[in-house]
file query-v5.cif (mmCIF, C-alpha atoms)
data_protein
loop_
_atom_site.group_PDB
_atom_site.id
_atom_site.type_symbol
_atom_site.label_atom_id
_atom_site.label_comp_id
_atom_site.auth_asym_id
_atom_site.auth_seq_id
_atom_site.Cartn_x
_atom_site.Cartn_y
_atom_site.Cartn_z
ATOM 1 C CA MET A 659 -33.317 -18.393 -16.574
ATOM 2 C CA ASP A 660 -29.802 -19.678 -15.982
ATOM 3 C CA TYR A 661 -30.109 -23.479 -16.046
ATOM 4 C CA HIS A 662 -27.352 -26.043 -16.066
ATOM 5 C CA LYS A 663 -26.909 -27.417 -19.580
ATOM 6 C CA ASN A 664 -27.834 -30.939 -18.389
ATOM 7 C CA ALA A 665 -30.663 -29.936 -16.052
ATOM 8 C CA PRO A 666 -33.601 -32.377 -16.539
ATOM 9 C CA TRP A 667 -36.377 -30.002 -15.445
ATOM 10 C CA THR A 668 -36.441 -26.698 -17.334
ATOM 11 C CA ALA A 669 -39.041 -24.490 -19.013
ATOM 12 C CA ILE A 670 -38.721 -26.675 -22.119
ATOM 13 C CA SER A 671 -39.535 -29.815 -20.091
ATOM 14 C CA ARG A 672 -42.478 -28.054 -18.443
ATOM 15 C CA GLU A 673 -43.848 -27.052 -21.844
ATOM 16 C CA ARG A 674 -43.500 -30.629 -23.117
ATOM 17 C CA LEU A 675 -45.383 -31.918 -20.083
ATOM 18 C CA ALA A 676 -48.175 -29.344 -20.535
ATOM 19 C CA ARG A 677 -48.497 -30.043 -24.268
ATOM 20 C CA MET A 678 -48.566 -33.798 -23.553
ATOM 21 C CA VAL A 679 -51.661 -33.234 -21.398
ATOM 22 C CA ILE A 680 -53.401 -30.466 -23.377
ATOM 23 C CA GLU A 681 -52.618 -31.512 -26.935
ATOM 24 C CA GLY A 682 -51.783 -35.197 -26.520
ATOM 25 C CA GLY A 683 -54.728 -36.016 -24.283
ATOM 26 C CA ALA A 684 -52.629 -37.742 -21.622
ATOM 27 C CA SER A 685 -53.749 -37.646 -18.015
ATOM 28 C CA VAL A 686 -51.929 -35.481 -15.501
ATOM 29 C CA GLN A 687 -50.894 -38.592 -13.555
ATOM 30 C CA ALA A 688 -49.396 -40.209 -16.693
ATOM 31 C CA ALA A 689 -47.504 -37.040 -17.653
ATOM 32 C CA ALA A 690 -46.199 -36.690 -14.103
ATOM 33 C CA ALA A 691 -44.900 -40.276 -14.168
ATOM 34 C CA ARG A 692 -43.341 -39.727 -17.587
ATOM 35 C CA PHE A 693 -41.371 -36.657 -16.427
ATOM 36 C CA GLY A 694 -40.604 -37.920 -12.918
ATOM 37 C CA VAL A 695 -42.523 -35.290 -10.923
ATOM 38 C CA SER A 696 -45.533 -35.405 -8.616
ATOM 39 C CA TRP A 697 -49.057 -35.037 -10.030
ATOM 40 C CA LYS A 698 -49.427 -31.790 -8.053
ATOM 41 C CA THR A 699 -46.346 -30.299 -9.753
ATOM 42 C CA ALA A 700 -47.582 -31.470 -13.142
ATOM 43 C CA ALA A 701 -51.009 -29.951 -12.537
ATOM 44 C CA LYS A 702 -49.410 -26.644 -11.566
ATOM 45 C CA TRP A 703 -47.455 -26.324 -14.819
ATOM 46 C CA VAL A 704 -50.405 -27.457 -16.938
ATOM 47 C CA GLY A 705 -52.546 -24.790 -15.322
ATOM 48 C CA ARG A 706 -49.955 -22.072 -15.876
ATOM 49 C CA TYR A 707 -49.519 -23.091 -19.495
ATOM 50 C CA ARG A 708 -53.286 -22.928 -20.084
ATOM 51 C CA LEU A 709 -53.442 -19.463 -18.484
ATOM 52 C CA LEU A 710 -50.230 -17.759 -19.679
ATOM 53 C CA GLY A 711 -48.728 -19.985 -22.337
ATOM 54 C CA ALA A 712 -44.965 -20.601 -22.524
ATOM 55 C CA ALA A 713 -44.316 -17.241 -20.783
ATOM 56 C CA GLY A 714 -45.826 -18.622 -17.572
ATOM 57 C CA LEU A 715 -43.400 -21.540 -17.252
ATOM 58 C CA GLY A 716 -40.479 -19.598 -15.837
ATOM 59 C CA ASP A 717 -39.437 -19.630 -12.184
ATOM 60 C CA ARG A 718 -41.121 -17.010 -10.027
ATOM 61 C CA SER A 719 -39.706 -15.122 -7.093
ATOM 62 C CA SER A 720 -40.070 -16.815 -3.732
ATOM 63 C CA ARG A 721 -40.517 -13.451 -2.008
ATOM 64 C CA PRO A 722 -43.831 -13.294 -0.097
ATOM 65 C CA ARG A 723 -46.552 -10.998 -1.404
ATOM 66 C CA ARG A 724 -47.069 -9.473 2.029
ATOM 67 C CA SER A 725 -44.727 -8.921 4.965
ATOM 68 C CA PRO A 726 -46.903 -7.699 7.860
ATOM 69 C CA ARG A 727 -43.980 -7.485 10.278
ATOM 70 C CA GLN A 728 -41.721 -5.542 7.909
ATOM 71 C CA THR A 729 -40.253 -2.347 9.371
ATOM 72 C CA GLY A 730 -42.211 0.693 8.219
ATOM 73 C CA SER A 731 -40.717 3.134 5.734
ATOM 74 C CA LEU A 732 -40.802 6.054 8.200
ATOM 75 C CA LEU A 733 -38.849 4.043 10.761
ATOM 76 C CA VAL A 734 -36.343 2.971 8.112
ATOM 77 C CA GLU A 735 -35.822 6.606 7.125
ATOM 78 C CA LYS A 736 -35.236 7.499 10.782
ATOM 79 C CA VAL A 737 -32.641 4.722 11.092
ATOM 80 C CA LEU A 738 -30.799 5.974 8.006
ATOM 81 C CA ALA A 739 -30.954 9.599 9.192
ATOM 82 C CA LEU A 740 -29.413 8.638 12.543
ATOM 83 C CA ARG A 741 -26.771 6.590 10.750
ATOM 84 C CA HIS A 742 -25.853 9.546 8.540
ATOM 85 C CA GLY A 743 -25.263 11.392 11.804
ATOM 86 C CA HIS A 744 -22.497 8.835 12.528
ATOM 87 C CA MET A 745 -24.487 7.048 15.233
ATOM 88 C CA PRO A 746 -23.512 3.431 15.958
ATOM 89 C CA GLY A 747 -26.013 0.662 15.350
ATOM 90 C CA TYR A 748 -26.654 -0.249 18.990
ATOM 91 C CA GLU A 749 -27.516 3.382 19.801
ATOM 92 C CA ILE A 750 -29.854 3.545 16.794
ATOM 93 C CA ALA A 751 -31.596 0.394 18.080
ATOM 94 C CA ARG A 752 -32.028 1.936 21.530
ATOM 95 C CA ARG A 753 -33.509 5.180 20.172
ATOM 96 C CA THR A 754 -35.859 3.598 17.642
ATOM 97 C CA GLY A 755 -36.985 0.609 19.691
ATOM 98 C CA LEU A 756 -35.857 -1.835 16.997
ATOM 99 C CA SER A 757 -33.699 -4.849 17.668
ATOM 100 C CA PRO A 758 -29.978 -4.566 16.797
ATOM 101 C CA ALA A 759 -30.474 -7.309 14.197
ATOM 102 C CA SER A 760 -33.204 -5.284 12.445
ATOM 103 C CA VAL A 761 -31.033 -2.166 12.456
ATOM 104 C CA SER A 762 -28.133 -4.199 11.064
ATOM 105 C CA ARG A 763 -30.296 -5.540 8.215
ATOM 106 C CA ILE A 764 -31.539 -2.046 7.338
ATOM 107 C CA LEU A 765 -28.004 -0.648 7.282
ATOM 108 C CA ARG A 766 -26.719 -3.533 5.177
ATOM 109 C CA ARG A 767 -29.480 -3.060 2.615
ATOM 110 C CA ALA A 768 -28.652 0.653 2.455
ATOM 111 C CA ARG A 769 -24.900 -0.146 2.307
ATOM 112 C CA LEU A 770 -24.220 1.917 5.417
ATOM 113 C CA SER A 771 -23.134 -0.858 7.780
ATOM 114 C CA ARG A 772 -19.447 0.157 7.723
ATOM 115 C CA TRP A 773 -18.015 3.429 8.917
ATOM 116 C CA ARG A 774 -16.171 3.951 5.662
ATOM 117 C CA ASP A 775 -19.505 3.931 3.818
ATOM 118 C CA LEU A 776 -20.456 7.162 5.591
ATOM 119 C CA ASN A 777 -17.424 8.962 4.164
ATOM 120 C CA PRO A 778 -16.816 7.539 0.685
ATOM 121 C CA PRO A 779 -13.551 8.546 -1.004
ATOM 122 C CA PRO A 780 -13.773 11.479 -3.383
ATOM 123 C CA PRO A 781 -14.317 10.558 -7.019
ATOM 124 C CA VAL A 782 -11.204 10.051 -9.107
ATOM 125 C CA GLN A 783 -10.426 13.146 -11.158
ATOM 126 C CA ARG A 784 -8.395 12.133 -14.164
ATOM 127 C CA TYR A 785 -6.294 14.721 -15.917
ATOM 128 C CA GLU A 786 -3.807 14.881 -18.737
ATOM 129 C CA HIS A 787 -1.544 17.725 -19.773
ATOM 130 C CA PRO A 788 -1.913 18.688 -23.444
ATOM 131 C CA ARG A 789 1.728 18.324 -24.525
ATOM 132 C CA PRO A 790 4.637 15.965 -23.780
ATOM 133 C CA GLY A 791 6.961 17.482 -21.209
ATOM 134 C CA ASP A 792 4.332 19.720 -19.577
ATOM 135 C CA MET A 793 4.535 17.573 -16.451
ATOM 136 C CA LEU A 794 6.955 14.843 -15.410
ATOM 137 C CA HIS A 795 5.946 12.570 -12.529
ATOM 138 C CA LEU A 796 8.841 11.443 -10.323
ATOM 139 C CA ASP A 797 8.732 8.794 -7.623
ATOM 140 C CA ILE A 798 10.990 6.335 -5.767
ATOM 141 C CA LYS A 799 10.308 2.744 -4.749
ATOM 142 C CA GLY A 800 12.525 0.974 -2.231
ATOM 143 C CA MET A 801 13.729 -2.430 -3.476
ATOM 144 C CA THR A 802 15.427 -5.183 -1.501
ATOM 145 C CA ARG A 803 18.697 -6.824 -2.452
ATOM 146 C CA PHE A 804 18.685 -10.593 -2.196
ATOM 147 C CA SER A 805 20.765 -13.639 -3.058
ATOM 148 C CA GLU A 806 19.888 -17.301 -3.447
ATOM 149 C CA VAL A 807 19.824 -19.252 -0.206
ATOM 150 C CA SER A 808 19.952 -23.053 -0.082
ATOM 151 C CA LEU A 809 18.173 -25.172 2.528
ATOM 152 C CA ARG A 810 20.025 -27.904 4.386
ATOM 153 C CA GLY A 811 18.531 -31.314 5.084
ATOM 154 C CA ASP A 812 18.052 -30.410 8.754
ATOM 155 C CA GLY A 813 16.060 -27.295 7.826
ATOM 156 C CA ARG A 814 18.830 -24.773 8.444
ATOM 157 C CA LEU A 815 19.612 -22.112 5.844
ATOM 158 C CA ARG A 816 22.992 -22.287 4.155
ATOM 159 C CA GLY A 817 24.617 -19.245 2.640
ATOM 160 C CA LYS A 818 22.403 -16.732 4.423
ATOM 161 C CA GLN A 819 24.529 -13.816 5.522
ATOM 162 C CA LYS A 820 23.591 -10.450 7.013
ATOM 163 C CA HIS A 821 20.927 -8.437 5.238
ATOM 164 C CA PRO A 822 22.324 -7.421 1.833
ATOM 165 C CA GLY A 823 20.686 -3.992 1.964
ATOM 166 C CA PHE A 824 18.321 -1.964 -0.141
ATOM 167 C CA LEU A 825 18.208 -0.238 -3.515
ATOM 168 C CA ALA A 826 16.011 2.561 -4.819
ATOM 169 C CA LEU A 827 14.007 2.320 -8.033
ATOM 170 C CA HIS A 828 13.761 5.875 -9.397
ATOM 171 C CA VAL A 829 11.042 6.417 -12.017
ATOM 172 C CA ALA A 830 10.036 9.363 -14.206
ATOM 173 C CA VAL A 831 6.802 9.220 -16.229
ATOM 174 C CA ASP A 832 5.709 11.856 -18.726
ATOM 175 C CA ASP A 833 2.136 12.907 -18.027
ATOM 176 C CA HIS A 834 0.982 13.203 -21.654
ATOM 177 C CA SER A 835 2.834 10.426 -23.449
ATOM 178 C CA ARG A 836 3.281 8.016 -20.467
ATOM 179 C CA MET A 837 6.847 7.395 -21.548
ATOM 180 C CA ALA A 838 8.929 6.196 -18.622
ATOM 181 C CA PHE A 839 12.559 6.432 -17.590
ATOM 182 C CA THR A 840 13.901 4.209 -14.816
ATOM 183 C CA GLN A 841 17.147 3.666 -12.954
ATOM 184 C CA MET A 842 18.054 1.361 -10.092
ATOM 185 C CA LEU A 843 20.237 3.482 -7.789
ATOM 186 C CA PRO A 844 21.872 2.779 -4.421
ATOM 187 C CA ASP A 845 19.852 5.234 -2.294
ATOM 188 C CA GLN A 846 17.281 8.038 -2.167
ATOM 189 C CA LYS A 847 19.601 10.880 -1.175
ATOM 190 C CA ALA A 848 19.266 14.321 -2.700
ATOM 191 C CA GLU A 849 22.474 14.015 -4.724
ATOM 192 C CA THR A 850 21.365 10.682 -6.177
ATOM 193 C CA THR A 851 17.907 12.054 -7.003
ATOM 194 C CA ILE A 852 19.398 15.097 -8.743
ATOM 195 C CA GLY A 853 21.618 12.833 -10.833
ATOM 196 C CA PHE A 854 18.556 10.812 -11.811
ATOM 197 C CA LEU A 855 16.707 13.996 -12.770
ATOM 198 C CA ASN A 856 19.562 15.031 -15.063
ATOM 199 C CA SER A 857 19.553 11.605 -16.724
ATOM 200 C CA ALA A 858 15.764 11.712 -17.100
ATOM 201 C CA VAL A 859 15.852 15.150 -18.733
ATOM 202 C CA GLU A 860 18.499 13.911 -21.196
ATOM 203 C CA PHE A 861 16.443 10.792 -21.942
ATOM 204 C CA PHE A 862 13.276 12.717 -22.742
ATOM 205 C CA ALA A 863 15.241 15.292 -24.750
ATOM 206 C CA SER A 864 16.534 12.437 -26.931
ATOM 207 C CA HIS A 865 12.893 11.674 -27.749
ATOM 208 C CA GLY A 866 12.050 15.283 -28.578
ATOM 209 C CA ILE A 867 10.434 16.029 -25.200
ATOM 210 C CA GLY A 868 11.532 19.078 -23.231
ATOM 211 C CA VAL A 869 10.680 18.866 -19.536
ATOM 212 C CA ARG A 870 9.001 22.037 -18.223
ATOM 213 C CA ALA A 871 7.561 20.964 -14.848
ATOM 214 C CA LEU A 872 7.866 18.196 -12.236
ATOM 215 C CA LEU A 873 5.406 16.628 -9.830
ATOM 216 C CA THR A 874 6.774 14.699 -6.854
ATOM 217 C CA ASP A 875 5.649 13.572 -3.431
ATOM 218 C CA ASN A 876 7.048 15.040 -0.217
ATOM 219 C CA GLY A 877 10.046 12.754 0.186
ATOM 220 C CA SER A 878 13.089 14.221 1.901
ATOM 221 C CA SER A 879 15.157 14.284 -1.281
ATOM 222 C CA TYR A 880 12.454 16.216 -3.147
ATOM 223 C CA ARG A 881 12.094 18.704 -0.281
ATOM 224 C CA SER A 882 15.824 19.373 -0.046
ATOM 225 C CA SER A 883 17.340 22.722 -0.966
ATOM 226 C CA GLN A 884 19.763 20.987 -3.363
ATOM 227 C CA PHE A 885 16.877 19.577 -5.404
ATOM 228 C CA ARG A 886 15.125 22.930 -5.447
ATOM 229 C CA GLN A 887 18.288 24.637 -6.687
ATOM 230 C CA ALA A 888 18.798 21.969 -9.363
ATOM 231 C CA CYS A 889 15.263 22.526 -10.672
ATOM 232 C CA HIS A 890 15.833 26.276 -10.690
ATOM 233 C CA ALA A 891 19.089 25.880 -12.615
ATOM 234 C CA MET A 892 17.335 23.739 -15.240
ATOM 235 C CA GLN A 893 14.381 26.177 -15.362
ATOM 236 C CA ILE A 894 11.931 23.439 -14.374
ATOM 237 C CA LYS A 895 8.956 24.201 -12.163
ATOM 238 C CA HIS A 896 8.655 21.855 -9.229
ATOM 239 C CA HIS A 897 5.268 20.968 -7.727
ATOM 240 C CA ARG A 898 4.702 18.670 -4.751
ATOM 241 C CA THR A 899 1.572 16.699 -3.928
ATOM 242 C CA ARG A 900 -0.516 17.286 -0.859
ATOM 243 C CA PRO A 901 0.679 15.167 2.099
ATOM 244 C CA TYR A 902 -0.748 11.624 2.271
ATOM 245 C CA THR A 903 -2.412 11.807 -1.155
ATOM 246 C CA PRO A 904 -0.454 9.411 -3.396
ATOM 247 C CA ARG A 905 -3.316 9.391 -5.941
ATOM 248 C CA THR A 906 -2.294 12.936 -6.936
ATOM 249 C CA ASN A 907 0.906 11.486 -8.363
ATOM 250 C CA GLY A 908 -1.047 8.546 -9.730
ATOM 251 C CA LYS A 909 0.734 8.053 -13.053
ATOM 252 C CA ALA A 910 4.047 7.334 -11.332
ATOM 253 C CA GLU A 911 2.339 5.218 -8.666
ATOM 254 C CA ARG A 912 0.520 3.215 -11.338
ATOM 255 C CA PHE A 913 3.692 2.717 -13.355
ATOM 256 C CA ILE A 914 5.476 1.363 -10.278
ATOM 257 C CA GLN A 915 2.677 -1.149 -9.683
ATOM 258 C CA THR A 916 2.869 -2.256 -13.318
ATOM 259 C CA ALA A 917 6.652 -2.597 -13.117
ATOM 260 C CA LEU A 918 6.467 -4.676 -9.951
ATOM 261 C CA ARG A 919 3.866 -6.990 -11.460
ATOM 262 C CA GLU A 920 5.338 -7.396 -14.951
ATOM 263 C CA TRP A 921 9.053 -7.135 -14.179
ATOM 264 C CA ALA A 922 10.129 -7.462 -10.544
ATOM 265 C CA ARG A 923 7.646 -10.196 -9.569
ATOM 266 C CA ALA A 924 7.036 -11.708 -12.985
ATOM 267 C CA LYS A 925 9.328 -14.685 -12.342
ATOM 268 C CA HIS A 926 11.589 -16.219 -9.749
ATOM 269 C CA TRP A 927 14.939 -14.437 -9.830
ATOM 270 C CA ALA A 928 17.963 -16.214 -8.391
ATOM 271 C CA GLU A 929 19.368 -12.938 -7.081
ATOM 272 C CA SER A 930 18.602 -9.237 -7.218
ATOM 273 C CA ASP A 931 21.332 -8.517 -9.786
ATOM 274 C CA GLU A 932 19.559 -10.785 -12.270
ATOM 275 C CA ARG A 933 16.302 -8.967 -11.591
ATOM 276 C CA ASP A 934 17.895 -5.543 -11.998
ATOM 277 C CA ALA A 935 19.525 -6.535 -15.300
ATOM 278 C CA HIS A 936 16.036 -6.979 -16.800
ATOM 279 C CA LEU A 937 14.795 -3.544 -15.746
ATOM 280 C CA GLN A 938 15.938 -1.611 -18.814
ATOM 281 C CA PRO A 939 14.783 -4.215 -21.378
ATOM 282 C CA TRP A 940 11.367 -4.204 -19.738
ATOM 283 C CA THR A 941 11.235 -0.397 -19.679
ATOM 284 C CA ASP A 942 12.082 -0.293 -23.404
ATOM 285 C CA TYR A 943 9.295 -2.798 -24.038
ATOM 286 C CA TYR A 944 6.916 -0.641 -21.967
ATOM 287 C CA ASN A 945 7.768 2.478 -23.970
ATOM 288 C CA ARG A 946 7.885 0.979 -27.463
ATOM 289 C CA GLU A 947 5.629 -2.081 -27.611
ATOM 290 C CA ARG A 948 3.344 -2.540 -24.608
ATOM 291 C CA PRO A 949 -0.248 -1.382 -25.299
ATOM 292 C CA HIS A 950 -1.420 1.324 -22.891
ATOM 293 C CA GLY A 951 -5.100 1.423 -21.972
ATOM 294 C CA SER A 952 -5.305 5.213 -21.659
ATOM 295 C CA LEU A 953 -3.641 5.660 -25.069
ATOM 296 C CA ASN A 954 -6.201 3.636 -27.035
ATOM 297 C CA TYR A 955 -3.942 0.596 -26.592
ATOM 298 C CA LYS A 956 -0.998 2.198 -28.341
ATOM 299 C CA PRO A 957 2.514 2.263 -26.815
ATOM 300 C CA PRO A 958 3.740 5.491 -25.170
ATOM 301 C CA ILE A 959 6.314 6.071 -27.945
ATOM 302 C CA SER A 960 3.385 6.884 -30.242
ATOM 303 C CA ARG A 961 2.877 10.180 -28.387
ATOM 304 C CA SER A 962 6.475 11.335 -28.378
ATOM 305 C CA GLU A 963 7.938 13.608 -31.033
ATOM 306 C CA ILE A 964 9.773 10.652 -32.540
ATOM 307 C CA GLY A 965 6.633 8.515 -32.571
ATOM 308 C CA THR A 966 4.480 11.169 -34.221
ATOM 309 C CA THR A 967 6.986 11.891 -37.004
ATOM 310 C CA SER A 968 7.791 8.259 -37.836
#
call {"tool": "encode", "arguments": {"input": "query-v5.cif", "output": "structure tokens"}}
result
Amino acid sequence: MDYHKNAPWTAISRERLARMVIEGGASVQAAAARFGVSWKTAAKWVGRYRLLGAAGLGDRSSRPRRSPRQTGSLLVEKVLALRHGHMPGYEIARRTGLSPASVSRILRRARLSRWRDLNPPPPVQRYEHPRPGDMLHLDIKGMTRFSEVSLRGDGRLRGKQKHPGFLALHVAVDDHSRMAFTQMLPDQKAETTIGFLNSAVEFFASHGIGVRALLTDNGSSYRSSQFRQACHAMQIKHHRTRPYTPRTNGKAERFIQTALREWARAKHWAESDERDAHLQPWTDYYNRERPHGSLNYKPPISRSEIGTTS
């Protein structure tokens, strides 16, 4: 039983009351007055202690032993079968003769009250390529430029000019080692993305990782003929995810969420340039020091060629 630490009436108190009557010879009325309960309550716990001992002093379920008006099991099965046929609750009530409230309770108990419960998402299939460089996950996250704006005494904003524009956070994550390479670039055009790919390949090569394949989403820069030709020139296989399935490229998606939480939104930045200046120090920390759950809480550098030889 989960009692409050200062609760006055617990199984220990009940046992003391029962022992006071049975072993101490006190009357039930005197024991009830001593423990501040009614004589009927005291008699109940004395009787349970005589019959079951200390094991009988715990709280029992308040659920009734019989429920004559409970919906029968065959009718419940019919309700669930109709629900699995994607029938709404009010229609199920009309066909079975039950009230909508009864149908709602049955569906809630079976966890079928919401439409999404009828089509649960497919189970997550985790995968990992056997060697560093077998697959590089690429993705882009749009980031907003901003500058500090002061507030006047009358509530008007001072220093707010036209929208300062957007930037693009390009990320590359190695599937096996989880090492990451990031750059904050001005846009998501094909030329910019190709330049980032070249820099990423050089970065991983400096850590003894040769990139052999890419996995990207279906962004316009990744679908462009220039990007396809660049991959062909570097002899890198390019794979794209199925449309509207970001979980397929989950390692890059997960890295972006981590970066936003631990870097971009970790503190109040006065302006976007200050935020962007901390991107590379945080990425180095991520690669070299930050424990990674899927790597037995070791940093990603431990799985690179440099990390395994040092």
call {"tool": "residues_around", "arguments": {"input": "query-v5.cif", "residues": "Ser930 of chain A", "least_positions_apart": "2", "cutoff": "7 Å", "atoms": "all atoms listed in the file", "output": "PyMOL selection string"}}
result
chain A and resi 803-805+927+932-934
call {"tool": "closest_residue", "arguments": {"input": "query-v5.cif", "among": "A:Thr851, A:Thr840, A:Asn954, A:Ser671", "to": "Phe913 of chain A", "atoms": "only C-alpha atoms"}}
result
A:Thr840
call {"tool": "residues_around", "arguments": {"input": "query-v5.cif", "residues": "Asp797 of chain A", "least_positions_apart": "2", "cutoff": "12 Å", "atoms": "all atoms listed in the file", "output": "ChimeraX atom specification"}}
result
/A:794-795,799-800,826-832,838-841,846,851,854-855,872-880,898-899,904,906-915
call {"tool": "resolve_selection", "arguments": {"input": "query-v5.cif", "expression": "the PyMOL selection byres ((chain A and resi 697-700) around 10)", "output": "ChimeraX atom specification"}}
result
/A:672,675-676,679,685-691,693-696,701-705
call {"tool": "resolve_selection", "arguments": {"input": "query-v5.cif", "expression": "the PyMOL selection byres ((chain A and resi 837) around 12)", "output": "PDB file with C-alpha atoms, in the frame of the given file"}}
result
ATOM      1  CA  PRO A 790       4.637  15.965 -23.780  1.00  0.00           C
ATOM      2  CA  GLY A 791       6.961  17.482 -21.209  1.00  0.00           C
ATOM      3  CA  MET A 793       4.535  17.573 -16.451  1.00  0.00           C
ATOM      4  CA  LEU A 794       6.955  14.843 -15.410  1.00  0.00           C
ATOM      5  CA  HIS A 795       5.946  12.570 -12.529  1.00  0.00           C
ATOM      6  CA  VAL A 829      11.042   6.417 -12.017  1.00  0.00           C
ATOM      7  CA  ALA A 830      10.036   9.363 -14.206  1.00  0.00           C
ATOM      8  CA  VAL A 831       6.802   9.220 -16.229  1.00  0.00           C
ATOM      9  CA  ASP A 832       5.709  11.856 -18.726  1.00  0.00           C
ATOM     10  CA  ASP A 833       2.136  12.907 -18.027  1.00  0.00           C
ATOM     11  CA  HIS A 834       0.982  13.203 -21.654  1.00  0.00           C
ATOM     12  CA  SER A 835       2.834  10.426 -23.449  1.00  0.00           C
ATOM     13  CA  ARG A 836       3.281   8.016 -20.467  1.00  0.00           C
ATOM     14  CA  ALA A 838       8.929   6.196 -18.622  1.00  0.00           C
ATOM     15  CA  PHE A 839      12.559   6.432 -17.590  1.00  0.00           C
ATOM     16  CA  THR A 840      13.901   4.209 -14.816  1.00  0.00           C
ATOM     17  CA  ALA A 858      15.764  11.712 -17.100  1.00  0.00           C
ATOM     18  CA  PHE A 861      16.443  10.792 -21.942  1.00  0.00           C
ATOM     19  CA  PHE A 862      13.276  12.717 -22.742  1.00  0.00           C
ATOM     20  CA  ALA A 863      15.241  15.292 -24.750  1.00  0.00           C
ATOM     21  CA  HIS A 865      12.893  11.674 -27.749  1.00  0.00           C
ATOM     22  CA  GLY A 866      12.050  15.283 -28.578  1.00  0.00           C
ATOM     23  CA  ILE A 867      10.434  16.029 -25.200  1.00  0.00           C
ATOM     24  CA  LYS A 909       0.734   8.053 -13.053  1.00  0.00           C
ATOM     25  CA  ALA A 910       4.047   7.334 -11.332  1.00  0.00           C
ATOM     26  CA  PHE A 913       3.692   2.717 -13.355  1.00  0.00           C
ATOM     27  CA  THR A 941      11.235  -0.397 -19.679  1.00  0.00           C
ATOM     28  CA  ASP A 942      12.082  -0.293 -23.404  1.00  0.00           C
ATOM     29  CA  TYR A 943       9.295  -2.798 -24.038  1.00  0.00           C
ATOM     30  CA  TYR A 944       6.916  -0.641 -21.967  1.00  0.00           C
ATOM     31  CA  ASN A 945       7.768   2.478 -23.970  1.00  0.00           C
ATOM     32  CA  ARG A 946       7.885   0.979 -27.463  1.00  0.00           C
ATOM     33  CA  GLU A 947       5.629  -2.081 -27.611  1.00  0.00           C
ATOM     34  CA  ARG A 948       3.344  -2.540 -24.608  1.00  0.00           C
ATOM     35  CA  PRO A 949      -0.248  -1.382 -25.299  1.00  0.00           C
ATOM     36  CA  HIS A 950      -1.420   1.324 -22.891  1.00  0.00           C
ATOM     37  CA  LEU A 953      -3.641   5.660 -25.069  1.00  0.00           C
ATOM     38  CA  LYS A 956      -0.998   2.198 -28.341  1.00  0.00           C
ATOM     39  CA  PRO A 957       2.514   2.263 -26.815  1.00  0.00           C
ATOM     40  CA  PRO A 958       3.740   5.491 -25.170  1.00  0.00           C
ATOM     41  CA  ILE A 959       6.314   6.071 -27.945  1.00  0.00           C
ATOM     42  CA  SER A 960       3.385   6.884 -30.242  1.00  0.00           C
ATOM     43  CA  ARG A 961       2.877  10.180 -28.387  1.00  0.00           C
ATOM     44  CA  SER A 962       6.475  11.335 -28.378  1.00  0.00           C
ATOM     45  CA  GLU A 963       7.938  13.608 -31.033  1.00  0.00           C
ATOM     46  CA  ILE A 964       9.773  10.652 -32.540  1.00  0.00           C
ATOM     47  CA  GLY A 965       6.633   8.515 -32.571  1.00  0.00           C
TER      48      GLY A 965
END
call {"tool": "atom_distance", "arguments": {"input": "query-v5.cif", "atom1": "atom CA of Arg870 of chain A", "atom2": "atom CA of Gln887 of chain A"}}
result
15.0 Å
call {"tool": "residues_around", "arguments": {"input": "query-v5.cif", "residues": "segment 756-770 of chain A", "least_positions_apart": "4", "cutoff": "9 Å", "atoms": "all atoms listed in the file", "output": "VMD selection string"}}
result
chain A and resid 729 734 737 to 738 741 to 742 747 to 752 774 to 776
call {"tool": "atom_distance", "arguments": {"input": "query-v5.cif", "atom1": "atom CA of Gly683 of chain A", "atom2": "atom CA of Arg718 of chain A"}}
result
27.4 Å
call {"tool": "atom_distance", "arguments": {"input": "query-v5.cif", "atom1": "atom CA of Ala888 of chain A", "atom2": "atom CA of Ile852 of chain A"}}
result
6.9 Å
call {"tool": "residues_around", "arguments": {"input": "query-v5.cif", "residues": "segment 711-717 of chain A", "least_positions_apart": "4", "cutoff": "6 Å", "atoms": "all atoms listed in the file", "output": "ChimeraX atom specification"}}
result
/A:669,706-707
call {"tool": "closest_residue", "arguments": {"input": "query-v5.cif", "among": "A:Trp940, A:Thr903, A:Leu710, A:His897", "to": "Thr916 of chain A", "atoms": "all atoms listed in the file"}}
result
A:Trp940
call {"tool": "axis_aligned_box", "arguments": {"input": "query-v5.cif", "around": "segment 910-926 of chain A", "padding_each_side": "8 Å", "output": "JSON"}}
result
{"center_x": 6.1, "center_y": -4.4, "center_z": -11.8, "size_x": 27.1, "size_y": 39.6, "size_z": 22.3}
call {"tool": "decode", "arguments": {"input": "query-v5.cif", "residues": "segment 848-852 of chain A", "atoms": "N, CA and C atoms", "output": "PDB file, in the first residue's frame"}}
result
ATOM      1  N   ALA A 848      20.574  23.778 -54.949  1.00  0.00           N
ATOM      2  CA  ALA A 848      21.362  22.608 -55.319  1.00  0.00           C
ATOM      3  C   ALA A 848      22.854  22.898 -55.233  1.00  0.00           C
ATOM      4  N   GLU A 849      23.283  24.064 -55.702  1.00  0.00           N
ATOM      5  CA  GLU A 849      24.707  24.390 -55.660  1.00  0.00           C
ATOM      6  C   GLU A 849      25.225  24.437 -54.224  1.00  0.00           C
ATOM      7  N   THR A 850      24.423  25.037 -53.332  1.00  0.00           N
ATOM      8  CA  THR A 850      24.821  25.115 -51.930  1.00  0.00           C
ATOM      9  C   THR A 850      24.885  23.724 -51.314  1.00  0.00           C
ATOM     10  N   THR A 851      23.917  22.879 -51.631  1.00  0.00           N
ATOM     11  CA  THR A 851      23.880  21.522 -51.079  1.00  0.00           C
ATOM     12  C   THR A 851      25.055  20.692 -51.582  1.00  0.00           C
ATOM     13  N   ILE A 852      25.432  20.873 -52.835  1.00  0.00           N
ATOM     14  CA  ILE A 852      26.586  20.142 -53.378  1.00  0.00           C
ATOM     15  C   ILE A 852      27.869  20.589 -52.682  1.00  0.00           C
TER      16      ILE A 852
END
